[in-house]
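Written out below as structure tokens is the structure these notes cover.
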Amino acid sequence: MTAPISFPGQAITPLGAARMQAGIVPDIDVVDTVGTIYHLQGGQSPSLSCQDGFGLIDMEGMQAPFSLLDEQGARQDGITNLDTVFDPAIIKMTLEASGTTYASFRRAVRMWISSWNPPNVLTLSVFTQQLGQWWMPVRQSKPIPDALQQDPTLHRRFAFKWECRGDNAFWQGIDSTSVFPAPGVTLSDGTVNGWCPLTNFGTRPAWPRFLCIAGNTGGVTFTLGNGAVPTAQGTISNSGSPVTFGPLEAGQIAAIYTQPRLRSVVDLSPTQPAQSLTQFQTFIQDMVNAAVGNYPVPPELQALESAFGILPPNGPMYSLLNGRFTSLSQLPPKQDGYMPVTTYIPVSITNGNSGSSIVAASTPYRTWPW
């Protein structure tokens with residue numbers, strides 16, 4: 001496999017290394033879907049006219065616009081704010097393309113346009129010594145302006161506007177994760193209790209997610225807290241009713257999401273226990289398999305199978321979820337200038353063994369990347 005191409009492609013210069021160590025400006029890079037790296041700003045960015053690549057002249061729109069959701073009664077003075085909703089981030093950049101030769105200049109521009117070819121989603125990242133790396137998935141939102149001026153310098157340098165859109169509005173960082181394993185010796189009732197600590201380094205509330213692993217034993221049930229935060233006195237505040245999930249069979253794995261707009265349960269099991277089918281159910285399944293061949297069974301045929309009692313892979317896992325996550329499960333955001341808050345989520349595993357565990361994770365989000 002061919003190694004990914006980078007621009008400018010040469011080793012970092014002594015001047016660039018000194019700038020990176022000094023942290024004068026944030027390092028801003030773009031990585032496309034095949035791994036091509038464009039260093040736009042910072043110590044690894046190109047020396048224009050001397051190297052192939054793209055230099056960042058200016059940039060705006062890093063903070064996504066938002067709308068205030070309000071209501072006002074017919075006789076109400078002022079207004080009542082209900083919520084704030086962020087729109088996609090529209091990031092506008094002025095770039096200058098550079099090449100050491102006429103051919104390498106045109107190659108760099110062609111590759112840049114090809115990398116952004118819709119519907120490709122690229123990664124725009126910002127790194128600073130103070131906050132580390134934050135990135136945003138972005139896509140091209142407008143075509144490149146192609147009004148080329150007849151200038152002798154144009155053959156190896158070309159300044160142009162570029163606009164991309166971040167659908168998720170926020171910059172995201174490295175996940176906070178923790179693991180709660182079930183020890184070999186459990187309590188008398190077969191339940192082990194503990195905590196999954198998660199720390200939110202973002203400035204936006206974060207939703208935790210859980211990976212429930214049954215291990216090599218069956219009948220395992222998981223209990224997940226709904227946003228508990230231990231106080232200094234050891235009591236629990238900001239907690240809702242816990243959510244239980246299970247029982248899972250041996251080898252089953254499921255992802256549990258607390259964010260309301262996402263599917264709550266996703267089956268990640270590599271294998272599934274076999275379902276005993278009647279002769280008629282076997283006939284229906286054989287007909288469906290013959291119709292779809294090696295492709296996944298579409299929802300319409302899955303609904304037909306379900307009407308005759310044939311379960312989807314690993315059965316109806318959503319029915320194993322008891323309770324609902326609320327806004328209490330959100331991890332509190334970090335206020336810049338203050339220490340982040342660690343949330344200790346209470347969890348438990350019933351009827352598990354050393355192979356059973358809960359993996360908790362959350363993705364931090366910021367409105368400003370440096």
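By convention in this document, the chains of the structure tokens carry letters A, B, ... by their order, each chain's residues are numbered from 1, and ligands are numbered from 1 in the order they are shown.
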Fewer than 2 positions away in the same chain doesn't count, so skip those; otherwise give me all residues within 7 Å of range 348-361 of chain A, counting only C-alpha atoms, as a tab-separated table (two decimals) with N, CA and C atoms, in the first residue's frame.
```tsv
chain	number	residue	atom	x	y	z
A	175	ASP	N	-11.20	11.04	23.73
A	175	ASP	CA	-12.20	10.50	24.64
A	175	ASP	C	-11.64	10.30	26.05
A	176	SER	N	-12.52	10.47	27.02
A	176	SER	CA	-12.25	10.03	28.39
A	176	SER	C	-12.84	8.63	28.53
A	177	THR	N	-12.07	7.69	29.06
A	177	THR	CA	-12.53	6.30	29.15
A	177	THR	C	-12.23	5.73	30.53
A	178	SER	N	-12.96	4.71	30.91
A	178	SER	CA	-12.69	3.95	32.13
A	178	SER	C	-13.30	2.57	31.98
A	179	VAL	N	-12.76	1.62	32.73
A	179	VAL	CA	-13.20	0.23	32.64
A	179	VAL	C	-13.55	-0.27	34.04
A	180	PHE	N	-14.73	-0.91	34.16
A	180	PHE	CA	-15.12	-1.56	35.42
A	180	PHE	C	-15.23	-3.05	35.15
A	181	PRO	N	-14.23	-3.85	35.60
A	181	PRO	CA	-14.30	-5.31	35.39
A	181	PRO	C	-14.98	-6.01	36.55
A	182	ALA	N	-15.61	-7.13	36.24
A	182	ALA	CA	-16.18	-7.96	37.31
A	182	ALA	C	-15.09	-8.89	37.82
A	183	PRO	N	-14.74	-8.83	39.12
A	183	PRO	CA	-13.68	-9.71	39.63
A	183	PRO	C	-14.13	-11.15	39.68
A	184	GLY	N	-13.17	-12.03	39.89
A	184	GLY	CA	-13.49	-13.44	39.92
A	184	GLY	C	-14.38	-13.82	41.09
A	190	GLY	N	-24.24	-12.23	43.94
A	190	GLY	CA	-23.76	-12.30	42.56
A	190	GLY	C	-23.60	-10.95	41.90
A	191	THR	N	-23.60	-9.86	42.67
A	191	THR	CA	-23.51	-8.52	42.11
A	191	THR	C	-22.26	-7.82	42.64
A	192	VAL	N	-21.53	-7.18	41.73
A	192	VAL	CA	-20.38	-6.35	42.12
A	192	VAL	C	-20.71	-4.91	41.74
A	193	ASN	N	-20.40	-4.00	42.63
A	193	ASN	CA	-20.70	-2.59	42.44
A	193	ASN	C	-19.41	-1.79	42.33
A	194	GLY	N	-19.48	-0.69	41.63
A	194	GLY	CA	-18.32	0.17	41.51
A	194	GLY	C	-18.65	1.46	40.78
A	196	CYS	N	-17.52	4.15	37.34
A	196	CYS	CA	-16.81	4.44	36.08
A	196	CYS	C	-16.55	5.95	36.05
A	198	LEU	N	-15.42	9.46	34.63
A	198	LEU	CA	-15.20	10.11	33.33
A	198	LEU	C	-14.98	11.59	33.57
A	208	PRO	N	-22.24	10.33	28.15
A	208	PRO	CA	-21.46	9.09	28.26
A	208	PRO	C	-22.07	7.97	27.42
A	209	ARG	N	-21.26	6.98	27.10
A	209	ARG	CA	-21.71	5.77	26.43
A	209	ARG	C	-21.01	4.59	27.08
A	210	PHE	N	-21.61	3.42	26.94
A	210	PHE	CA	-21.12	2.24	27.65
A	210	PHE	C	-21.01	1.05	26.71
A	211	LEU	N	-20.00	0.24	26.93
A	211	LEU	CA	-19.84	-1.03	26.23
A	211	LEU	C	-20.02	-2.12	27.27
A	212	CYS	N	-21.09	-2.91	27.12
A	212	CYS	CA	-21.41	-3.97	28.07
A	212	CYS	C	-20.95	-5.30	27.48
A	213	ILE	N	-20.02	-5.96	28.17
A	213	ILE	CA	-19.40	-7.19	27.68
A	213	ILE	C	-19.77	-8.33	28.63
A	214	ALA	N	-20.48	-9.33	28.12
A	214	ALA	CA	-20.94	-10.43	28.97
A	214	ALA	C	-19.82	-11.39	29.34
A	215	GLY	N	-18.80	-11.52	28.49
A	215	GLY	CA	-17.74	-12.48	28.78
A	215	GLY	C	-18.15	-13.88	28.40
A	216	ASN	N	-17.59	-14.88	29.11
A	216	ASN	CA	-17.85	-16.28	28.75
A	216	ASN	C	-18.91	-16.92	29.63
A	217	THR	N	-19.76	-16.11	30.23
A	217	THR	CA	-20.86	-16.64	31.03
A	217	THR	C	-22.17	-16.01	30.58
A	219	GLY	N	-26.45	-14.93	31.22
A	219	GLY	CA	-27.33	-14.36	32.24
A	219	GLY	C	-26.76	-13.16	32.95
A	220	VAL	N	-25.92	-12.38	32.28
A	220	VAL	CA	-25.26	-11.23	32.90
A	220	VAL	C	-26.13	-9.99	32.72
A	221	THR	N	-26.36	-9.27	33.81
A	221	THR	CA	-27.14	-8.04	33.80
A	221	THR	C	-26.26	-6.88	34.25
A	222	PHE	N	-26.41	-5.74	33.56
A	222	PHE	CA	-25.61	-4.56	33.85
A	222	PHE	C	-26.53	-3.44	34.35
A	223	THR	N	-26.07	-2.72	35.35
A	223	THR	CA	-26.79	-1.55	35.87
A	223	THR	C	-25.92	-0.32	35.66
A	224	LEU	N	-26.49	0.70	35.04
A	224	LEU	CA	-25.75	1.91	34.68
A	224	LEU	C	-26.42	3.11	35.34
A	363	THR	N	-17.00	11.69	24.70
A	363	THR	CA	-16.24	12.53	23.78
A	363	THR	C	-16.41	13.98	24.19
```
Quiz prompt | DSSP-assigned strand (DSSP E) members of range 3-128 of chain A, reported as JSON, numbers by chain | solution = {"A": [6, 7, 27, 28, 29, 30, 31, 37, 38, 39, 40, 41, 53, 54, 55, 56, 57, 58, 59, 60, 66, 67, 68, 69, 70, 71, 80, 81, 82, 83, 84, 85, 86, 89, 90, 91, 92, 93, 94, 95, 96, 97, 98, 122, 123, 124, 125, 126, 127, 128]}
Residues as selected, N, CA and C atoms, written as a compact mmCIF listing (two decimals), in the first residue's frame, can you do that?
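Writing done, so here's out-v3.txt:
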```txt
# COMPACT_ATOMS: atom_id res chain seq x y z
N SER A 6 2.05 13.90 2.05
CA SER A 6 1.89 15.07 2.90
C SER A 6 2.45 16.29 2.20
N PHE A 7 1.89 17.44 2.53
CA PHE A 7 2.37 18.71 1.99
C PHE A 7 2.80 19.60 3.16
N ASP A 27 -0.89 24.92 15.43
CA ASP A 27 -0.68 24.08 14.26
C ASP A 27 -2.05 23.70 13.70
N ILE A 28 -2.28 24.01 12.43
CA ILE A 28 -3.56 23.73 11.78
C ILE A 28 -3.31 22.83 10.59
N ASP A 29 -3.96 21.67 10.58
CA ASP A 29 -3.76 20.67 9.53
C ASP A 29 -5.11 20.20 9.00
N VAL A 30 -5.07 19.65 7.79
CA VAL A 30 -6.22 18.98 7.18
C VAL A 30 -5.77 17.60 6.75
N VAL A 31 -6.57 16.58 7.08
CA VAL A 31 -6.29 15.20 6.68
C VAL A 31 -7.48 14.68 5.90
N ILE A 37 -2.07 14.55 4.13
CA ILE A 37 -1.96 15.58 5.16
C ILE A 37 -1.56 16.90 4.52
N TYR A 38 -2.32 17.94 4.84
CA TYR A 38 -1.99 19.29 4.40
C TYR A 38 -1.69 20.12 5.64
N HIS A 39 -0.41 20.49 5.81
CA HIS A 39 -0.03 21.34 6.93
C HIS A 39 -0.24 22.80 6.51
N LEU A 40 -1.22 23.46 7.10
CA LEU A 40 -1.60 24.81 6.67
C LEU A 40 -0.93 25.90 7.50
N GLN A 41 -0.70 25.64 8.77
CA GLN A 41 -0.11 26.65 9.64
C GLN A 41 0.70 25.97 10.73
N GLY A 53 2.71 23.03 -1.39
CA GLY A 53 1.75 22.97 -0.30
C GLY A 53 0.86 24.19 -0.25
N PHE A 54 0.27 24.41 0.92
CA PHE A 54 -0.72 25.47 1.09
C PHE A 54 -0.45 26.20 2.40
N GLY A 55 -0.44 27.52 2.32
CA GLY A 55 -0.25 28.34 3.51
C GLY A 55 -1.54 29.03 3.89
N LEU A 56 -1.86 29.05 5.17
CA LEU A 56 -3.07 29.68 5.67
C LEU A 56 -2.82 31.17 5.88
N ILE A 57 -3.59 32.00 5.18
CA ILE A 57 -3.47 33.45 5.31
C ILE A 57 -4.41 33.97 6.38
N ASP A 58 -5.65 33.56 6.35
CA ASP A 58 -6.60 33.91 7.40
C ASP A 58 -7.69 32.86 7.49
N MET A 59 -8.43 32.88 8.61
CA MET A 59 -9.43 31.86 8.87
C MET A 59 -10.50 32.44 9.78
N GLU A 60 -11.76 32.14 9.51
CA GLU A 60 -12.86 32.62 10.34
C GLU A 60 -13.96 31.57 10.41
N PHE A 66 -25.24 30.21 16.47
CA PHE A 66 -26.29 29.56 17.25
C PHE A 66 -27.54 30.43 17.24
N SER A 67 -28.65 29.79 17.59
CA SER A 67 -29.94 30.46 17.65
C SER A 67 -30.50 30.33 19.07
N LEU A 68 -31.06 31.41 19.57
CA LEU A 68 -31.72 31.40 20.87
C LEU A 68 -33.19 31.06 20.67
N LEU A 69 -33.62 29.97 21.30
CA LEU A 69 -35.02 29.57 21.22
C LEU A 69 -35.78 30.27 22.33
N ASP A 70 -36.68 31.17 21.95
CA ASP A 70 -37.41 32.00 22.92
C ASP A 70 -38.91 31.86 22.73
N GLU A 71 -39.62 32.26 23.74
CA GLU A 71 -41.07 32.41 23.63
C GLU A 71 -41.48 33.65 24.41
N THR A 80 -38.82 34.87 27.34
CA THR A 80 -38.38 33.69 28.08
C THR A 80 -37.51 32.83 27.18
N ASN A 81 -36.27 32.64 27.60
CA ASN A 81 -35.36 31.81 26.82
C ASN A 81 -35.56 30.34 27.17
N LEU A 82 -35.74 29.50 26.16
CA LEU A 82 -35.97 28.08 26.36
C LEU A 82 -34.70 27.24 26.17
N ASP A 83 -33.90 27.60 25.17
CA ASP A 83 -32.72 26.80 24.90
C ASP A 83 -31.85 27.53 23.88
N THR A 84 -30.68 27.00 23.64
CA THR A 84 -29.77 27.48 22.61
C THR A 84 -29.42 26.33 21.69
N VAL A 85 -29.59 26.53 20.40
CA VAL A 85 -29.31 25.49 19.41
C VAL A 85 -28.22 25.98 18.46
N PHE A 86 -27.16 25.18 18.32
CA PHE A 86 -26.04 25.55 17.45
C PHE A 86 -26.29 25.07 16.03
N ALA A 89 -20.99 24.68 11.77
CA ALA A 89 -19.91 25.66 11.68
C ALA A 89 -19.55 25.88 10.21
N ILE A 90 -19.48 27.14 9.80
CA ILE A 90 -19.07 27.49 8.44
C ILE A 90 -17.69 28.14 8.55
N ILE A 91 -16.67 27.41 8.15
CA ILE A 91 -15.29 27.85 8.30
C ILE A 91 -14.79 28.34 6.95
N LYS A 92 -14.34 29.58 6.94
CA LYS A 92 -13.84 30.21 5.72
C LYS A 92 -12.34 30.46 5.86
N MET A 93 -11.61 30.02 4.86
CA MET A 93 -10.16 30.17 4.87
C MET A 93 -9.69 30.87 3.61
N THR A 94 -8.66 31.70 3.75
CA THR A 94 -7.92 32.19 2.60
C THR A 94 -6.60 31.46 2.58
N LEU A 95 -6.35 30.73 1.51
CA LEU A 95 -5.15 29.90 1.38
C LEU A 95 -4.32 30.38 0.20
N GLU A 96 -3.04 30.07 0.25
CA GLU A 96 -2.18 30.33 -0.89
C GLU A 96 -1.48 29.03 -1.26
N ALA A 97 -1.75 28.57 -2.48
CA ALA A 97 -1.10 27.38 -3.00
C ALA A 97 0.28 27.73 -3.52
N SER A 98 1.22 26.81 -3.32
CA SER A 98 2.60 27.07 -3.71
C SER A 98 3.20 25.83 -4.33
N LEU A 122 -13.47 15.42 5.60
CA LEU A 122 -12.08 15.51 6.00
C LEU A 122 -12.00 15.90 7.48
N THR A 123 -10.80 15.91 8.01
CA THR A 123 -10.59 16.28 9.40
C THR A 123 -9.74 17.53 9.46
N LEU A 124 -10.31 18.59 10.03
CA LEU A 124 -9.59 19.84 10.26
C LEU A 124 -9.18 19.86 11.72
N SER A 125 -7.86 19.93 11.99
CA SER A 125 -7.39 19.82 13.37
C SER A 125 -6.57 21.04 13.76
N VAL A 126 -6.64 21.35 15.06
CA VAL A 126 -5.90 22.46 15.65
C VAL A 126 -5.16 21.92 16.86
N PHE A 127 -3.86 22.24 16.95
CA PHE A 127 -3.07 21.79 18.10
C PHE A 127 -2.39 22.99 18.75
N THR A 128 -2.51 23.08 20.08
CA THR A 128 -1.77 24.06 20.87
C THR A 128 -1.15 23.34 22.06
```
Self-check item: For Pro205 in chain A: contacts at 8 Å, only C-alpha atoms, fewer than 5 positions along chain excluded, given as a PyMOL selection string
Solution: chain A and resi 200+330-333+364-365
Kindly export the residues of the current selection with N, CA and C atoms, as an mmCIF file, in the first residue's frame.
```
data_model
loop_
_atom_site.group_PDB
_atom_site.id
_atom_site.type_symbol
_atom_site.label_atom_id
_atom_site.label_comp_id
_atom_site.auth_asym_id
_atom_site.auth_seq_id
_atom_site.Cartn_x
_atom_site.Cartn_y
_atom_site.Cartn_z
ATOM 1 N N ASN A 200 -14.720 15.382 31.720
ATOM 2 C CA ASN A 200 -15.066 16.149 30.533
ATOM 3 C C ASN A 200 -14.146 17.365 30.433
ATOM 4 N N GLN A 330 -25.760 13.718 31.501
ATOM 5 C CA GLN A 330 -24.731 14.527 30.853
ATOM 6 C C GLN A 330 -23.594 14.856 31.820
ATOM 7 N N LEU A 331 -22.374 14.813 31.316
ATOM 8 C CA LEU A 331 -21.224 15.200 32.117
ATOM 9 C C LEU A 331 -21.086 16.714 32.086
ATOM 10 N N PRO A 332 -20.867 17.367 33.235
ATOM 11 C CA PRO A 332 -20.786 18.831 33.253
ATOM 12 C C PRO A 332 -19.589 19.328 32.462
ATOM 13 N N PRO A 333 -19.711 20.460 31.764
ATOM 14 C CA PRO A 333 -18.597 20.973 30.964
ATOM 15 C C PRO A 333 -17.527 21.615 31.841
ATOM 16 N N PRO A 364 -15.300 14.705 24.454
ATOM 17 C CA PRO A 364 -15.427 16.123 24.817
ATOM 18 C C PRO A 364 -15.612 17.002 23.584
ATOM 19 N N TYR A 365 -16.346 18.089 23.750
ATOM 20 C CA TYR A 365 -16.592 19.031 22.660
ATOM 21 C C TYR A 365 -16.335 20.451 23.145
#
```
Quiz item: Rounded to one decimal in Å, what is the spacing between CA of Gly132 in chain A and CA of Asp167 in chain A?
Solution: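 For CA of Gly132 in chain A relative to CA of Asp167 in chain A, the distance reads 22.1 Å.
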Exercise. Go ahead and compute the interatomic distance for CA of Thr244 in chain A and CA of Val341 in chain A, in Å to one decimal.
Key: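 It comes out at 25.5 Å.
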Practice problem: Would you mind reading off the distance between CA of Trp112 in chain A and CA of Gln130 in chain A, one decimal, in Å? | Solution: 29.7 Å
Quiz item: Can you tell me, as a list in words, what residues are no more than 9 Å from Gln51 in chain A when counting only C-alpha atoms, ignoring any on the same chain fewer than 3 positions away?
Solution: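 Contacts, with the query itself left out: Phe7, Pro8, Gly9, Gln10, Pro46, Ser47, Leu48, Ser98, Gly99 and Thr100 of chain A.
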Practice problem: Considering only C-alpha atoms, state which residue in the set A:Arg263, A:Arg75, A:Arg324, A:Arg156 is at the smallest distance from Asn226 in chain A. | Solution: A:Arg324
Self-check item: Nearest to Leu262 in chain A by atom-to-atom distance, counting only C-alpha atoms, from A:Lys161, A:Thr343, A:Trp207, A:Gln279
Solution: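 The answer is A:Trp207, which sits nearest to Leu262 in chain A.
Comparing the minimum interatomic distances between Thr203 in chain A and each of A:Pro4, A:Pro340, A:Gly225, A:Gly43, counting only C-alpha atoms, we find that A:Pro340 sits nearest.
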Quiz item: Residues of range 80-226 of chain A in alpha helix (DSSP H) according to DSSP, as a ChimeraX atom specification?
Solution: /A:102-115
Quiz item: Of the candidates A:Gln172, A:Ser319, A:Gln281, A:Gln252, which shows the shortest atom-to-atom distance to Asp267 in chain A, using only C-alpha atoms?
Solution: A:Gln252
